file protein.cif (mmCIF, C-alpha atoms, pLDDT in the B column; chains and numbers go by the auth columns)
data_query
#
loop_
_atom_site.group_PDB
_atom_site.id
_atom_site.type_symbol
_atom_site.label_atom_id
_atom_site.label_comp_id
_atom_site.label_asym_id
_atom_site.label_seq_id
_atom_site.Cartn_x
_atom_site.Cartn_y
_atom_site.Cartn_z
_atom_site.B_iso_or_equiv
_atom_site.auth_seq_id
_atom_site.auth_asym_id
ATOM 1 C CA MET A 1 20.530 62.868 -16.143 77.00 1 T
ATOM 2 C CA VAL A 2 21.625 60.766 -13.264 86.00 2 T
ATOM 3 C CA SER A 3 25.272 60.284 -12.447 93.00 3 T
ATOM 4 C CA PRO A 4 26.933 57.005 -13.422 93.00 4 T
ATOM 5 C CA THR A 5 27.583 56.154 -9.768 95.00 5 T
ATOM 6 C CA VAL A 6 23.855 56.244 -8.979 95.00 6 T
ATOM 7 C CA ASN A 7 23.120 54.030 -11.986 94.00 7 T
ATOM 8 C CA VAL A 8 25.741 51.512 -10.843 96.00 8 T
ATOM 9 C CA VAL A 9 24.203 51.444 -7.352 96.00 9 T
ATOM 10 C CA ARG A 10 20.677 51.047 -8.764 96.00 10 T
ATOM 11 C CA TYR A 11 21.562 48.197 -11.081 96.00 11 T
ATOM 12 C CA SER A 12 23.712 46.534 -8.422 97.00 12 T
ATOM 13 C CA ALA A 13 20.759 46.630 -6.006 97.00 13 T
ATOM 14 C CA LEU A 14 18.432 45.301 -8.697 97.00 14 T
ATOM 15 C CA PHE A 15 20.796 42.476 -9.606 97.00 15 T
ATOM 16 C CA SER A 16 21.375 41.647 -5.922 98.00 16 T
ATOM 17 C CA GLY A 17 17.601 41.517 -5.325 97.00 17 T
ATOM 18 C CA ILE A 18 17.092 39.213 -8.279 98.00 18 T
ATOM 19 C CA LEU A 19 19.836 36.875 -7.071 98.00 19 T
ATOM 20 C CA TYR A 20 18.450 36.881 -3.526 98.00 20 T
ATOM 21 C CA GLY A 21 14.929 36.142 -4.800 98.00 21 T
ATOM 22 C CA TRP A 22 16.194 33.282 -6.937 98.00 22 T
ATOM 23 C CA TYR A 23 18.168 31.784 -4.052 98.00 23 T
ATOM 24 C CA HIS A 24 15.305 32.220 -1.568 98.00 24 T
ATOM 25 C CA ARG A 25 12.758 30.646 -3.943 98.00 25 T
ATOM 26 C CA ARG A 26 15.080 27.691 -4.493 98.00 26 T
ATOM 27 C CA THR A 27 15.453 27.223 -0.730 98.00 27 T
ATOM 28 C CA LEU A 28 11.689 27.372 -0.138 98.00 28 T
ATOM 29 C CA PHE A 29 11.056 24.911 -2.958 98.00 29 T
ATOM 30 C CA ALA A 30 13.610 22.463 -1.498 98.00 30 T
ATOM 31 C CA GLU A 31 11.964 22.674 1.939 98.00 31 T
ATOM 32 C CA GLU A 32 8.521 22.112 0.436 97.00 32 T
ATOM 33 C CA THR A 33 9.737 19.094 -1.513 98.00 33 T
ATOM 34 C CA LYS A 34 11.334 17.639 1.616 98.00 34 T
ATOM 35 C CA HIS A 35 8.094 18.182 3.555 98.00 35 T
ATOM 36 C CA LYS A 36 6.040 16.470 0.829 97.00 36 T
ATOM 37 C CA ILE A 37 8.355 13.448 0.830 97.00 37 T
ATOM 38 C CA GLU A 38 8.199 13.150 4.627 97.00 38 T
ATOM 39 C CA HIS A 39 4.408 13.470 4.580 97.00 39 T
ATOM 40 C CA ALA A 40 4.080 10.786 1.908 97.00 40 T
ATOM 41 C CA ALA A 41 6.352 8.432 3.873 97.00 41 T
ATOM 42 C CA HIS A 42 4.368 9.052 7.060 97.00 42 T
ATOM 43 C CA SER A 43 1.104 8.393 5.225 97.00 43 T
ATOM 44 C CA ARG A 44 2.459 5.129 3.830 97.00 44 T
ATOM 45 C CA GLU A 45 3.644 4.035 7.284 97.00 45 T
ATOM 46 C CA LYS A 46 0.238 4.842 8.758 97.00 46 T
ATOM 47 C CA LEU A 47 -1.549 2.849 6.047 97.00 47 T
ATOM 48 C CA ILE A 48 0.797 -0.095 6.572 97.00 48 T
ATOM 49 C CA GLU A 49 0.152 -0.061 10.329 96.00 49 T
ATOM 50 C CA GLU A 50 -3.614 0.075 9.748 95.00 50 T
ATOM 51 C CA ALA A 51 -3.397 -2.823 7.291 95.00 51 T
ATOM 52 C CA LYS A 52 -1.335 -4.868 9.750 94.00 52 T
ATOM 53 C CA ALA A 53 -3.856 -4.212 12.516 92.00 53 T
ATOM 54 C CA ALA A 54 -6.759 -5.177 10.248 90.00 54 T
ATOM 55 C CA TRP A 55 -4.970 -8.341 9.149 88.00 55 T
ATOM 56 C CA LYS A 56 -4.251 -9.230 12.784 88.00 56 T
ATOM 57 C CA ARG A 57 -7.916 -8.744 13.715 83.00 57 T
ATOM 58 C CA LYS A 58 -8.936 -10.862 10.741 81.00 58 T
ATOM 59 C CA GLN A 59 -6.523 -13.659 11.676 79.00 59 T
ATOM 60 C CA GLU A 60 -7.725 -13.694 15.289 74.00 60 T
ATOM 61 C CA GLY A 61 -11.225 -14.397 14.101 63.00 61 T
ATOM 62 C CA PRO A 62 -14.281 -14.050 16.272 56.00 62 T
ATOM 63 C CA SER A 63 -13.385 -13.962 19.953 57.00 63 T
ATOM 64 C CA SER A 64 -16.551 -15.774 21.035 62.00 64 T
ATOM 65 C CA ASN A 65 -17.390 -19.373 20.293 76.00 65 T
ATOM 66 C CA VAL A 66 -20.556 -18.507 18.409 80.00 66 T
ATOM 67 C CA ILE A 67 -21.261 -20.895 15.558 82.00 67 T
ATOM 68 C CA THR A 68 -22.407 -19.043 12.438 82.00 68 T
ATOM 69 C CA ASP A 69 -22.987 -22.068 10.233 84.00 69 T
ATOM 70 C CA PRO A 70 -26.739 -22.845 10.209 86.00 70 T
ATOM 71 C CA ASP A 71 -26.091 -26.453 9.146 88.00 71 T
ATOM 72 C CA HIS A 72 -23.965 -27.150 12.224 86.00 72 T
ATOM 73 C CA PRO A 73 -25.775 -29.279 14.837 88.00 73 T
ATOM 74 C CA GLN A 74 -24.912 -26.876 17.689 86.00 74 T
ATOM 75 C CA PHE A 75 -26.033 -23.715 15.840 88.00 75 T
ATOM 76 C CA ASP A 76 -28.009 -21.319 18.058 87.00 76 T
ATOM 77 C CA LEU A 77 -29.704 -18.377 16.368 86.00 77 T
ATOM 78 C CA GLU A 78 -30.239 -16.464 19.626 88.00 78 T
ATOM 79 C CA LYS A 79 -26.515 -16.578 20.472 87.00 79 T
ATOM 80 C CA LEU A 80 -25.665 -15.387 16.959 85.00 80 T
ATOM 81 C CA ILE A 81 -28.057 -12.432 17.171 89.00 81 T
ATOM 82 C CA ALA A 82 -26.785 -11.560 20.654 87.00 82 T
ATOM 83 C CA SER A 83 -23.182 -11.563 19.412 84.00 83 T
ATOM 84 C CA TRP A 84 -24.158 -9.268 16.511 83.00 84 T
ATOM 85 C CA ASP A 85 -25.820 -6.877 19.001 86.00 85 T
ATOM 86 C CA LYS A 86 -22.663 -6.794 21.118 82.00 86 T
ATOM 87 C CA ALA A 87 -20.534 -6.069 18.047 75.00 87 T
ATOM 88 C CA SER A 88 -22.730 -3.132 17.013 71.00 88 T
#
call {"tool": "encode", "arguments": {"input": "protein.cif", "output": "structure tokens"}}
result
Amino acid sequence: MVSPTVNVVRYSALFSGILYGWYHRRTLFAEETKHKIEHAAHSREKLIEEAKAAWKRKQEGPSSNVITDPDHPQFDLEKLIASWDKAS
């Protein structure tokens, strides 16, 4: 048999290890949660910036004065095709 002092040391070490593991796991989980929240916020900000840029481009409209309406009297098909080639 092992002396009672050795048993106390063993179980104290075991209990200390369990407490440390619990505390360390809780700390890691909190850091991971914080990182996920920051990543989600950054992703949302990036999407918002992209949407704003797309909306701005849409509001600016075509930069050239090419008429795309075929019923318009000044419609020129060659200019329209040339502008499409430049855009591609």
call {"tool": "atom_distance", "arguments": {"input": "protein.cif", "atom1": "atom CA of T:Arg10", "atom2": "atom CA of T:Leu28"}}
result
26.8 Å
call {"tool": "atom_distance", "arguments": {"input": "protein.cif", "atom1": "atom CA of T:Ser83", "atom2": "atom CA of T:Asn65"}}
result
9.8 Å
call {"tool": "residues_around", "arguments": {"input": "protein.cif", "residues": "T:Glu78", "least_positions_apart": "6", "cutoff": "12 Å", "atoms": "all atoms listed in the file", "output": "PyMOL selection string"}}
result
chain T and resi 66-68+70+84-85
